[in-house]
Amino acid sequence: VSVHQTAEKVQIYVKDSGNGIPPEVASRIMEPFFSTKDLGKGTGLGLALARGIAEKDGGSLVYLPETTHTTFMLEL
């Protein structure tokens with residue numbers, strides 16, 4: 001986790017050691033109820049809800065596909 005602050009925004013980066021998300025999955029990860037887990041093993045709501053909360057408060061939550069490891073940025 002790292003944090004960068006500008007005069008108007010705070011950017012929180014969450015990065016893990018994964019090699020990223022395949023493009024065909026990355027294009028859908030923010031969709032409500034989309035999950036790569038087996039049926040009954042997850043609802044697929046986590047990222048959609050988190051993005052909705054961020055946007056309600058004027059921010060954003062995005063996946064950064066150009067990074068070396070799986071990285072999301074929350075901007076407020």
# chains A, B, ... in the order shown; residues from 1 in each chain; ligands from 1
call {"tool": "residues_around", "arguments": {"residues": "stretch 45-51 of chain A", "least_positions_apart": "5", "cutoff": "7 Å", "atoms": "only C-alpha atoms", "output": "list in words"}}
result
Met30, Glu31, Pro32, Phe33, Ser60 and Leu61 of chain A
call {"tool": "residues_around", "arguments": {"residues": "stretch 65-75 of chain A", "least_positions_apart": "4", "cutoff": "10 Å", "atoms": "only C-alpha atoms", "output": "ChimeraX atom specification"}}
result
/A:1-5,9-23,26,50-51,54-55,58-61
call {"tool": "select_by_dssp", "arguments": {"residues": "chain A", "states": "strand (DSSP E or B)", "output": "list in words"}}
result
Ser2, Val3, His4, Gln5, Val10, Gln11, Ile12, Tyr13, Val14, Lys15, Ser60, Leu61, Val62, Tyr63, Thr71, Phe72, Met73, Leu74 and Glu75 of chain A
call {"tool": "write_last_selection", "arguments": {"atoms": "all heavy atoms", "output": "compact mmCIF listing (two decimals), in the first residue's frame"}}
result
# COMPACT_ATOMS: atom_id res chain seq x y z
N SER A 2 0.57 2.18 -0.87
CA SER A 2 1.29 3.45 -0.86
C SER A 2 0.28 4.58 -1.07
O SER A 2 -0.80 4.36 -1.62
CB SER A 2 2.37 3.49 -1.95
OG SER A 2 1.79 3.38 -3.23
N VAL A 3 0.64 5.77 -0.60
CA VAL A 3 -0.24 6.92 -0.67
C VAL A 3 0.51 8.08 -1.30
O VAL A 3 1.67 8.35 -0.95
CB VAL A 3 -0.74 7.32 0.74
CG1 VAL A 3 -1.62 8.56 0.66
CG2 VAL A 3 -1.48 6.17 1.40
N HIS A 4 -0.16 8.76 -2.22
CA HIS A 4 0.39 9.96 -2.86
C HIS A 4 -0.65 11.07 -2.71
O HIS A 4 -1.83 10.85 -2.97
CB HIS A 4 0.70 9.72 -4.33
CG HIS A 4 1.67 8.61 -4.55
ND1 HIS A 4 3.03 8.79 -4.50
CD2 HIS A 4 1.48 7.29 -4.77
CE1 HIS A 4 3.63 7.64 -4.70
NE2 HIS A 4 2.71 6.70 -4.86
N GLN A 5 -0.19 12.23 -2.31
CA GLN A 5 -1.10 13.34 -2.10
C GLN A 5 -0.72 14.51 -2.98
O GLN A 5 0.46 14.85 -3.10
CB GLN A 5 -1.08 13.77 -0.63
CG GLN A 5 -2.08 14.84 -0.31
CD GLN A 5 -2.17 15.11 1.19
OE1 GLN A 5 -1.61 14.40 2.01
NE2 GLN A 5 -2.89 16.16 1.54
N VAL A 10 -6.01 12.63 -2.92
CA VAL A 10 -5.19 11.60 -2.30
C VAL A 10 -5.37 10.34 -3.13
O VAL A 10 -6.49 9.96 -3.46
CB VAL A 10 -5.63 11.33 -0.84
CG1 VAL A 10 -4.88 10.15 -0.26
CG2 VAL A 10 -5.42 12.56 0.02
N GLN A 11 -4.27 9.72 -3.51
CA GLN A 11 -4.30 8.49 -4.28
C GLN A 11 -3.71 7.38 -3.41
O GLN A 11 -2.58 7.48 -2.94
CB GLN A 11 -3.50 8.62 -5.56
CG GLN A 11 -4.06 9.66 -6.49
CD GLN A 11 -3.15 9.92 -7.68
OE1 GLN A 11 -1.94 9.83 -7.58
NE2 GLN A 11 -3.76 10.24 -8.80
N ILE A 12 -4.51 6.34 -3.22
CA ILE A 12 -4.09 5.19 -2.43
C ILE A 12 -3.93 4.02 -3.40
O ILE A 12 -4.88 3.64 -4.08
CB ILE A 12 -5.12 4.85 -1.34
CG1 ILE A 12 -5.34 6.07 -0.44
CG2 ILE A 12 -4.68 3.63 -0.55
CD1 ILE A 12 -6.55 5.98 0.44
N TYR A 13 -2.71 3.49 -3.46
CA TYR A 13 -2.41 2.37 -4.35
C TYR A 13 -2.31 1.10 -3.53
O TYR A 13 -1.62 1.06 -2.52
CB TYR A 13 -1.08 2.60 -5.07
CG TYR A 13 -1.10 3.77 -6.02
CD1 TYR A 13 -0.87 5.07 -5.59
CD2 TYR A 13 -1.36 3.56 -7.38
CE1 TYR A 13 -0.90 6.13 -6.46
CE2 TYR A 13 -1.38 4.62 -8.26
CZ TYR A 13 -1.15 5.91 -7.80
OH TYR A 13 -1.18 6.97 -8.68
N VAL A 14 -3.01 0.07 -3.99
CA VAL A 14 -2.94 -1.24 -3.35
C VAL A 14 -2.39 -2.20 -4.40
O VAL A 14 -2.99 -2.39 -5.46
CB VAL A 14 -4.32 -1.71 -2.85
CG1 VAL A 14 -4.23 -3.08 -2.23
CG2 VAL A 14 -4.90 -0.70 -1.87
N LYS A 15 -1.22 -2.77 -4.09
CA LYS A 15 -0.53 -3.64 -5.05
C LYS A 15 -0.22 -4.97 -4.37
O LYS A 15 0.15 -5.01 -3.21
CB LYS A 15 0.76 -2.97 -5.50
CG LYS A 15 1.58 -3.81 -6.45
CD LYS A 15 2.86 -3.21 -6.99
CE LYS A 15 3.40 -1.98 -6.43
NZ LYS A 15 4.68 -1.58 -7.03
N SER A 60 -12.74 7.79 -7.17
CA SER A 60 -12.76 6.71 -8.15
C SER A 60 -11.96 5.52 -7.62
O SER A 60 -11.11 5.67 -6.75
CB SER A 60 -12.18 7.18 -9.48
OG SER A 60 -10.82 7.54 -9.33
N LEU A 61 -12.25 4.37 -8.18
CA LEU A 61 -11.48 3.16 -7.92
C LEU A 61 -11.23 2.52 -9.27
O LEU A 61 -12.17 2.22 -10.00
CB LEU A 61 -12.25 2.19 -7.01
CG LEU A 61 -11.58 0.83 -6.78
CD1 LEU A 61 -10.26 0.99 -6.02
CD2 LEU A 61 -12.52 -0.11 -6.04
N VAL A 62 -9.96 2.34 -9.61
CA VAL A 62 -9.61 1.80 -10.92
C VAL A 62 -8.53 0.73 -10.79
O VAL A 62 -7.71 0.76 -9.88
CB VAL A 62 -9.13 2.90 -11.90
CG1 VAL A 62 -10.24 3.88 -12.21
CG2 VAL A 62 -7.93 3.62 -11.36
N TYR A 63 -8.56 -0.19 -11.72
CA TYR A 63 -7.50 -1.18 -11.89
C TYR A 63 -6.48 -0.59 -12.84
O TYR A 63 -6.84 0.02 -13.85
CB TYR A 63 -8.08 -2.48 -12.46
CG TYR A 63 -7.04 -3.46 -12.94
CD1 TYR A 63 -6.12 -4.00 -12.06
CD2 TYR A 63 -6.97 -3.83 -14.27
CE1 TYR A 63 -5.15 -4.89 -12.49
CE2 TYR A 63 -6.01 -4.72 -14.72
CZ TYR A 63 -5.11 -5.24 -13.84
OH TYR A 63 -4.15 -6.12 -14.26
N THR A 71 -2.49 -4.02 -9.42
CA THR A 71 -2.56 -2.75 -8.68
C THR A 71 -3.90 -2.07 -8.90
O THR A 71 -4.38 -1.97 -10.03
CB THR A 71 -1.44 -1.79 -9.13
OG1 THR A 71 -0.18 -2.45 -9.00
CG2 THR A 71 -1.43 -0.53 -8.28
N PHE A 72 -4.48 -1.59 -7.81
CA PHE A 72 -5.69 -0.78 -7.85
C PHE A 72 -5.37 0.58 -7.24
O PHE A 72 -4.52 0.68 -6.35
CB PHE A 72 -6.82 -1.43 -7.04
CG PHE A 72 -7.40 -2.65 -7.70
CD1 PHE A 72 -6.82 -3.88 -7.52
CD2 PHE A 72 -8.51 -2.54 -8.52
CE1 PHE A 72 -7.34 -5.02 -8.13
CE2 PHE A 72 -9.03 -3.67 -9.14
CZ PHE A 72 -8.45 -4.90 -8.95
N MET A 73 -6.03 1.62 -7.75
CA MET A 73 -5.85 2.96 -7.19
C MET A 73 -7.21 3.49 -6.76
O MET A 73 -8.15 3.54 -7.54
CB MET A 73 -5.26 3.93 -8.20
CG MET A 73 -5.08 5.33 -7.61
SD MET A 73 -4.56 6.59 -8.79
CE MET A 73 -5.97 6.67 -9.87
N LEU A 74 -7.27 3.91 -5.49
CA LEU A 74 -8.43 4.61 -4.96
C LEU A 74 -8.06 6.07 -4.88
O LEU A 74 -7.04 6.43 -4.27
CB LEU A 74 -8.77 4.07 -3.56
CG LEU A 74 -9.84 4.82 -2.77
CD1 LEU A 74 -11.18 4.74 -3.48
CD2 LEU A 74 -9.92 4.27 -1.36
N GLU A 75 -8.84 6.91 -5.53
CA GLU A 75 -8.56 8.35 -5.54
C GLU A 75 -9.72 9.08 -4.89
O GLU A 75 -10.88 8.88 -5.24
CB GLU A 75 -8.37 8.84 -6.97
CG GLU A 75 -7.95 10.29 -7.06
CD GLU A 75 -7.58 10.67 -8.48
OE1 GLU A 75 -8.50 10.83 -9.29
OE2 GLU A 75 -6.38 10.79 -8.75
